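What follows is the content of final.pdb (PDB, C-alpha atoms).
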ATOM      1  CA  MET A1459      64.280  17.769  16.723
ATOM      2  CA  SER A1460      66.131  15.022  14.892
ATOM      3  CA  THR A1461      64.204  12.498  12.920
ATOM      4  CA  GLN A1462      66.874   9.811  13.346
ATOM      5  CA  GLY A1463      65.537   6.742  15.015
ATOM      6  CA  SER A1464      61.970   7.962  14.551
ATOM      7  CA  PRO A1465      59.552   5.340  13.278
ATOM      8  CA  TYR A1466      57.896   8.031  11.163
ATOM      9  CA  THR A1467      59.306   9.210   7.860
ATOM     10  CA  PRO A1468      59.547  12.939   7.225
ATOM     11  CA  GLY A1469      57.352  14.658   4.677
ATOM     12  CA  PRO A1470      53.649  14.522   3.939
ATOM     13  CA  PRO A1471      51.731  11.420   4.977
ATOM     14  CA  PRO A1472      51.400   8.787   2.291
ATOM     15  CA  ARG A1473      48.154   8.765   0.309
ATOM     16  CA  ARG A1474      45.720   6.032   1.065
ATOM     17  CA  GLY A1475      45.751   3.523  -1.675
ATOM     18  CA  GLY A1476      45.967  -0.147  -2.179
ATOM     19  CA  GLN A1477      42.922  -1.919  -0.844
ATOM     20  CA  SER A1478      41.003   1.257   0.050
ATOM     21  CA  ALA A1479      41.238   2.542  -3.499
ATOM     22  CA  LYS A1480      39.924  -0.746  -4.770
ATOM     23  CA  GLY A1481      37.016  -0.704  -2.344
ATOM     24  CA  GLY A1482      38.549  -3.295  -0.047
ATOM     25  CA  ASN A1483      37.938  -3.042   3.668
ATOM     26  CA  SER A1484      39.261  -5.558   6.142
ATOM     27  CA  LEU A1485      36.348  -4.838   8.475
ATOM     28  CA  ARG A1486      33.700  -5.217   5.795
ATOM     29  CA  ARG A1487      31.938  -8.549   5.996
ATOM     30  CA  ALA A1488      30.199 -10.411   3.214
ATOM     31  CA  SER A1489      26.895  -9.754   4.980
ATOM     32  CA  ASP A1490      27.622  -6.004   4.858
ATOM     33  CA  THR A1491      28.134  -6.188   1.109
ATOM     34  CA  LEU A1492      24.933  -8.173   0.675
ATOM     35  CA  GLU A1493      23.017  -5.700   2.838
ATOM     36  CA  CYS A1494      24.337  -2.788   0.782
ATOM     37  CA  TRP A1495      23.253  -4.360  -2.522
ATOM     38  CA  VAL A1496      19.831  -5.346  -1.210
ATOM     39  CA  ARG A1497      19.315  -1.794   0.034
ATOM     40  CA  ARG A1498      20.146  -0.473  -3.441
ATOM     41  CA  VAL A1499      17.736  -2.897  -5.064
ATOM     42  CA  LEU A1500      14.944  -1.944  -2.668
ATOM     43  CA  MET A1501      15.578   1.748  -3.296
ATOM     44  CA  ALA A1502      15.311   1.094  -7.036
ATOM     45  CA  VAL A1503      12.050  -0.761  -6.431
ATOM     46  CA  LEU A1504      10.680   2.208  -4.486
ATOM     47  CA  VAL A1505      11.825   4.804  -7.007
ATOM     48  CA  LEU A1506      10.739   2.906 -10.120
ATOM     49  CA  GLY A1507       8.213   0.327  -8.969
ATOM     50  CA  LEU A1508       6.110   2.458  -6.637
ATOM     51  CA  PRO A1509       4.872   4.964  -9.250
ATOM     52  CA  ALA A1510       4.530   2.245 -11.881
ATOM     53  CA  ALA A1511       2.429   0.042  -9.588
ATOM     54  CA  ALA A1512       0.302   2.953  -8.357
ATOM     55  CA  VAL A1513      -0.425   4.309 -11.841
ATOM     56  CA  SER A1514      -1.067   0.863 -13.347
ATOM     57  CA  ALA A1515      -3.405  -0.263 -10.566
ATOM     58  CA  GLY A1516      -5.181   3.095 -10.461
ATOM     59  CA  LEU A1517      -5.807   3.182 -14.211
ATOM     60  CA  THR A1518      -6.999  -0.429 -14.225
ATOM     61  CA  ALA A1519      -9.479   0.277 -11.427
ATOM     62  CA  TYR A1520     -10.633   3.488 -13.110
ATOM     63  CA  GLU A1521     -11.227   1.784 -16.459
ATOM     64  CA  ALA A1522     -13.129  -1.076 -14.799
ATOM     65  CA  SER A1523     -15.280   1.410 -12.890
ATOM     66  CA  MET A1524     -15.943   3.418 -16.048
ATOM     67  CA  ARG A1525     -17.166   0.269 -17.800
ATOM     68  CA  ALA A1526     -19.587  -0.222 -14.906
ATOM     69  CA  VAL A1527     -20.663   3.430 -15.197
ATOM     70  CA  ARG A1528     -21.428   3.056 -18.897
ATOM     71  CA  THR A1529     -23.206  -0.264 -18.401
ATOM     72  CA  GLN A1530     -25.408   1.002 -15.578
ATOM     73  CA  ALA A1531     -26.175   4.237 -17.418
ATOM     74  CA  ALA A1532     -27.425   2.189 -20.372
ATOM     75  CA  GLU A1533     -29.472  -0.227 -18.251
ATOM     76  CA  ARG A1534     -31.064   2.169 -15.733
ATOM     77  CA  HIS A1535     -33.401   5.098 -16.105
ATOM     78  CA  GLN A1536     -35.581   7.252 -13.872
ATOM     79  CA  VAL A1537     -39.358   7.167 -13.736
ATOM     80  CA  THR A1538     -41.970   9.105 -11.803
ATOM     81  CA  ALA A1539     -43.849   6.894  -9.358
ATOM     82  CA  ARG A1540     -46.615   7.500  -6.821
ATOM     83  CA  LEU A1541     -46.773   6.245  -3.265
ATOM     84  CA  THR A1542     -49.598   3.795  -2.736
ATOM     85  CA  SER A1543     -49.536   4.329   1.050
ATOM     86  CA  THR A1544     -48.182   6.844   3.524
ATOM     87  CA  ALA A1545     -44.562   6.258   4.498
ATOM     88  CA  GLU A1546     -44.355   5.252   8.148
ATOM     89  CA  GLY A1547     -41.671   6.137  10.655
ATOM     90  CA  GLY A1548     -40.946   9.085  12.888
ATOM     91  CA  ASP A1549     -37.189   9.520  12.584
ATOM     92  CA  TRP A1550     -35.076  11.159   9.886
ATOM     93  CA  ALA A1551     -33.931   7.981   8.106
ATOM     94  CA  LYS A1552     -35.520   7.127   4.794
ATOM     95  CA  ARG A1553     -37.681   4.026   4.742
ATOM     96  CA  PRO A1554     -38.948   1.792   1.929
ATOM     97  CA  ALA A1555     -42.511   2.504   0.851
ATOM     98  CA  PRO A1556     -44.672   0.911  -1.899
ATOM     99  CA  VAL A1557     -44.836   2.820  -5.161
ATOM    100  CA  ARG A1558     -46.559   2.354  -8.524
ATOM    101  CA  TRP A1559     -45.707   3.640 -11.999
ATOM    102  CA  THR A1560     -46.430   2.972 -15.656
ATOM    103  CA  ASP A1561     -43.513   2.012 -17.883
ATOM    104  CA  LEU A1562     -42.907   3.054 -21.483
ATOM    105  CA  ASN A1563     -44.953   0.096 -22.744
ATOM    106  CA  GLY A1564     -47.978   1.098 -20.687
ATOM    107  CA  VAL A1565     -47.537  -1.694 -18.162
ATOM    108  CA  VAL A1566     -48.345  -0.753 -14.555
ATOM    109  CA  ARG A1567     -45.550  -1.809 -12.234
ATOM    110  CA  THR A1568     -45.062  -1.727  -8.496
ATOM    111  CA  GLY A1569     -42.068  -1.745  -6.233
ATOM    112  CA  ALA A1570     -40.562  -0.193  -3.108
ATOM    113  CA  ALA A1571     -38.578   3.028  -2.954
ATOM    114  CA  LEU A1572     -36.786   4.842  -0.144
ATOM    115  CA  VAL A1573     -38.729   7.989   0.866
ATOM    116  CA  GLU A1574     -38.776  10.425   3.760
ATOM    117  CA  PRO A1575     -40.848   9.270   6.747
ATOM    118  CA  GLY A1576     -44.325  10.713   6.777
ATOM    119  CA  THR A1577     -44.538  11.247   3.012
ATOM    120  CA  PRO A1578     -48.277  11.076   2.272
ATOM    121  CA  LYS A1579     -49.994   8.624  -0.044
ATOM    122  CA  GLY A1580     -50.205   9.807  -3.645
ATOM    123  CA  SER A1581     -46.957  11.810  -3.505
ATOM    124  CA  THR A1582     -44.707  11.527  -6.542
ATOM    125  CA  VAL A1583     -41.139  10.362  -6.241
ATOM    126  CA  ARG A1584     -38.383   9.777  -8.757
ATOM    127  CA  VAL A1585     -37.014   6.251  -8.710
ATOM    128  CA  TRP A1586     -34.363   4.422 -10.705
ATOM    129  CA  VAL A1587     -35.476   1.235 -12.451
ATOM    130  CA  THR A1588     -33.844  -1.344 -14.699
ATOM    131  CA  ARG A1589     -35.081  -2.373 -18.122
ATOM    132  CA  ASP A1590     -37.198  -5.146 -16.611
ATOM    133  CA  GLY A1591     -38.874  -2.719 -14.195
ATOM    134  CA  THR A1592     -36.969  -3.566 -11.020
ATOM    135  CA  VAL A1593     -36.398  -0.676  -8.630
ATOM    136  CA  THR A1594     -32.668  -0.147  -8.125
ATOM    137  CA  GLY A1595     -30.211   2.482  -6.998
ATOM    138  CA  PRO A1596     -28.783   5.275  -9.138
ATOM    139  CA  PRO A1597     -25.955   4.343 -11.510
ATOM    140  CA  THR A1598     -22.412   5.020 -10.437
ATOM    141  CA  THR A1599     -20.854   8.214 -11.728
ATOM    142  CA  LYS A1600     -17.509   9.237 -13.163
ATOM    143  CA  LEU A1601     -16.656  10.693  -9.760
ATOM    144  CA  ASN A1602     -17.055   7.216  -8.259
ATOM    145  CA  ALA A1603     -14.729   5.804 -10.928
ATOM    146  CA  THR A1604     -12.136   8.511 -10.278
ATOM    147  CA  SER A1605     -12.295   7.952  -6.529
ATOM    148  CA  SER A1606     -11.924   4.208  -7.053
ATOM    149  CA  GLY A1607      -8.853   4.744  -9.224
ATOM    150  CA  TRP A1608      -7.184   6.979  -6.661
ATOM    151  CA  LEU A1609      -8.021   4.607  -3.828
ATOM    152  CA  VAL A1610      -6.666   1.521  -5.582
ATOM    153  CA  GLY A1611      -3.572   3.419  -6.759
ATOM    154  CA  GLY A1612      -2.879   4.582  -3.217
ATOM    155  CA  MET A1613      -3.326   1.065  -1.885
ATOM    156  CA  ALA A1614      -0.904  -0.263  -4.509
ATOM    157  CA  ALA A1615       1.684   2.364  -3.539
ATOM    158  CA  PHE A1616       1.254   1.493   0.130
ATOM    159  CA  GLY A1617       1.643  -2.194  -0.731
ATOM    160  CA  VAL A1618       4.950  -1.548  -2.506
ATOM    161  CA  VAL A1619       6.251   0.464   0.452
ATOM    162  CA  ALA A1620       5.082  -2.122   2.978
ATOM    163  CA  GLY A1621       6.514  -4.995   0.931
ATOM    164  CA  SER A1622       9.876  -3.262   0.561
ATOM    165  CA  TYR A1623      10.037  -2.499   4.267
ATOM    166  CA  ALA A1624       9.085  -6.075   5.142
ATOM    167  CA  ALA A1625      11.799  -7.407   2.825
ATOM    168  CA  TRP A1626      14.346  -5.027   4.365
ATOM    169  CA  ALA A1627      13.354  -5.881   7.945
ATOM    170  CA  GLY A1628      13.382  -9.621   7.194
ATOM    171  CA  MET A1629      16.785  -9.436   5.570
ATOM    172  CA  ARG A1630      18.201  -7.438   8.497
ATOM    173  CA  LEU A1631      16.779  -9.946  10.957
ATOM    174  CA  VAL A1632      18.370 -12.898   9.161
ATOM    175  CA  LEU A1633      21.725 -11.157   8.706
ATOM    176  CA  ASP A1634      21.832  -9.927  12.309
ATOM    177  CA  ARG A1635      21.162 -13.426  13.616
ATOM    178  CA  ARG A1636      23.970 -14.741  11.460
ATOM    179  CA  ARG A1637      26.309 -11.969  12.627
ATOM    180  CA  TYR A1638      25.541 -12.635  16.279
ATOM    181  CA  ALA A1639      26.210 -16.330  15.747
ATOM    182  CA  GLN A1640      29.559 -15.519  14.092
ATOM    183  CA  TRP A1641      30.474 -13.145  16.900
ATOM    184  CA  ASP A1642      29.647 -15.799  19.489
ATOM    185  CA  ALA A1643      31.758 -18.363  17.659
ATOM    186  CA  GLU A1644      34.694 -15.968  17.283
ATOM    187  CA  TRP A1645      34.479 -14.857  20.913
ATOM    188  CA  GLY A1646      34.463 -18.496  21.957
ATOM    189  CA  LEU A1647      37.877 -18.820  20.279
ATOM    190  CA  VAL A1648      39.346 -15.523  21.460
ATOM    191  CA  GLU A1649      38.002 -15.305  25.025
ATOM    192  CA  PRO A1650      40.118 -18.131  26.554
ATOM    193  CA  ARG A1651      43.330 -16.580  25.239
ATOM    194  CA  TRP A1652      42.208 -13.072  26.140
ATOM    195  CA  SER A1653      41.256 -13.919  29.715
ATOM    196  CA  ALA A1654      44.468 -15.956  30.190
ATOM    197  CA  ARG A1655      46.519 -12.734  29.898
ATOM    198  CA  PHE A1656      45.018 -11.441  33.143
ATOM    199  CA  ARG A1657      45.357 -14.598  35.186
ATOM    200  CA  PRO A1658      48.058 -14.523  37.906
TER     201      PRO A1658
END

Rewrite the coordinates I just gave you, this time as structure tokens.
Amino acid sequence: MSTQGSPYTPGPPPRRGGQSAKGGNSLRRASDTLECWVRRVLMAVLVLGLPAAAVSAGLTAYEASMRAVRTQAAERHQVTARLTSTAEGGDWAKRPAPVRWTDLNGVVRTGAALVEPGTPKGSTVRVWVTRDGTVTGPPTTKLNATSSGWLVGGMAAFGVVAGSYAAWAGMRLVLDRRRYAQWDAEWGLVEPRWSARFRP
């Protein structure tokens, strides 16, 4: 078959170059370029910022909790107290009952401690007290501090993910609205000429 008069030149097809090699694309809008760069930035935030935020927040919470552990351990101690009356109640939940003990200075003190219902008068119980003799709860432990660190670190990681997704969704919403408005404006210019081609 002769190639004379053919609009195609013989030989291999020409290599794509020019604008494509330089990254140009006639169909690529400025909003597409912006969306691409924002996506890259958000990915960098997730890859770099998520672990940094989680570790930083977790360690901060852990150190703060450990300071509380050390402070409470220094301020609280256990004593042996006796119930001054039988603990009332018929269910399984612990109830406060009056107790009495003698501190290290020989001073008799009284307070209320949580005991099992039905515990008879005169029974001994171990209670935590502060330096001034106030009945309190047990001091927090290292396990509590570790759990707090993990919890806060996880919440920080979730916050980074949620913030990145919200930024992405917000940007897409704004860009899509702008694109739709541009399409409407362009169609308003093209549609009269386009529909005129099919009029009799």

I'd like to see the residues matched by the PyMOL selection byres ((chain A and resi 1545) around 6) on this file, and ideally I'd get them as a list in words. Thr1544, Glu1546, Ala1555, Pro1575, Gly1576 and Thr1577 of chain A

Would you mind telling me which residue in A:Thr1518, A:Arg1553, A:Ala1531, A:Asp1590 lies nearest to Val1565 of chain A when using only C-alpha atoms? A:Asp1590

Name the residues that the PyMOL selection byres ((chain A and resi 1536) around 6) pulls out of this structure, and write them as a short mmCIF file (atom, residue, chain, number, x, y, z; two decimals) with C-alpha atoms, in the frame of the given file.
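The resulting out00.cif:
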data_model
loop_
_atom_site.label_atom_id
_atom_site.label_comp_id
_atom_site.auth_asym_id
_atom_site.auth_seq_id
_atom_site.Cartn_x
_atom_site.Cartn_y
_atom_site.Cartn_z
CA HIS A 1535 -33.40 5.10 -16.10
CA VAL A 1537 -39.36 7.17 -13.74
CA VAL A 1585 -37.01 6.25 -8.71
CA TRP A 1586 -34.36 4.42 -10.70
#

List the neighbours of segment 1631-1643 of chain A out to 12 Å using all atoms listed in the file; skip same-chain residues closer than 6 positions along the sequence, and give me the result as a count of residues only. 12

Taking (-39.0, 8.0, -12.8) in the file's coordinates as the center, which residues reach within 12 Å of it, counting all atoms listed in the file, put as a ChimeraX atom specification? /A:1534-1540,1557-1562,1567,1571,1582-1588,1591-1596

Length of the atom CA of Ser1581 of chain A to atom CA of Gln1530 of chain A vector [Å]: 27.0 Å

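The space separating atom CA of Leu1504 of chain A from atom CA of Gly1611 of chain A comes to 14.5 Å.
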
Work out how far apart atom CA of Ser1605 of chain A and atom CA of Ala1551 of chain A are and give it in Å to one decimal. 26.1 Å

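Nearest residue to Lys1579 of chain A, choosing from A:Leu1541, A:Val1513, A:Val1619, A:Val1527 and counting all atoms listed in the file: A:Leu1541.
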
Residues matched by the PyMOL selection byres ((chain A and resi 1505-1511) around 9) as a PyMOL selection string: chain A and resi 1500-1504+1512-1516+1611+1614-1619

How about saving the chosen residues, C-alpha atoms kept, as a PDB file, keeping the file's coordinate frame?
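result_39.pdb was written with the following content:
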ATOM      1  CA  LEU A1500      14.944  -1.944  -2.668  1.00  0.00           C
ATOM      2  CA  MET A1501      15.578   1.748  -3.296  1.00  0.00           C
ATOM      3  CA  ALA A1502      15.311   1.094  -7.036  1.00  0.00           C
ATOM      4  CA  VAL A1503      12.050  -0.761  -6.431  1.00  0.00           C
ATOM      5  CA  LEU A1504      10.680   2.208  -4.486  1.00  0.00           C
ATOM      6  CA  ALA A1512       0.302   2.953  -8.357  1.00  0.00           C
ATOM      7  CA  VAL A1513      -0.425   4.309 -11.841  1.00  0.00           C
ATOM      8  CA  SER A1514      -1.067   0.863 -13.347  1.00  0.00           C
ATOM      9  CA  ALA A1515      -3.405  -0.263 -10.566  1.00  0.00           C
ATOM     10  CA  GLY A1516      -5.181   3.095 -10.461  1.00  0.00           C
ATOM     11  CA  GLY A1611      -3.572   3.419  -6.759  1.00  0.00           C
ATOM     12  CA  ALA A1614      -0.904  -0.263  -4.509  1.00  0.00           C
ATOM     13  CA  ALA A1615       1.684   2.364  -3.539  1.00  0.00           C
ATOM     14  CA  PHE A1616       1.254   1.493   0.130  1.00  0.00           C
ATOM     15  CA  GLY A1617       1.643  -2.194  -0.731  1.00  0.00           C
ATOM     16  CA  VAL A1618       4.950  -1.548  -2.506  1.00  0.00           C
ATOM     17  CA  VAL A1619       6.251   0.464   0.452  1.00  0.00           C
TER      18      VAL A1619
END

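Between Gly1612 of chain A and the residues A:Val1499, A:Asp1549, A:Glu1574, A:Leu1517, the shortest atom-to-atom distance, using only C-alpha atoms, involves A:Leu1517.
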
Between A:Ser1653, A:Thr1599, A:Asn1563, A:Thr1568, which residue has the minimum interatomic distance to Arg1525 of chain A, considering all atoms listed in the file? A:Thr1599

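Distances here use only C-alpha atoms; by that measure, the residue among A:Ala1519, A:Val1573, A:Ala1532, A:Val1610 closest to Lys1552 of chain A is A:Val1573.
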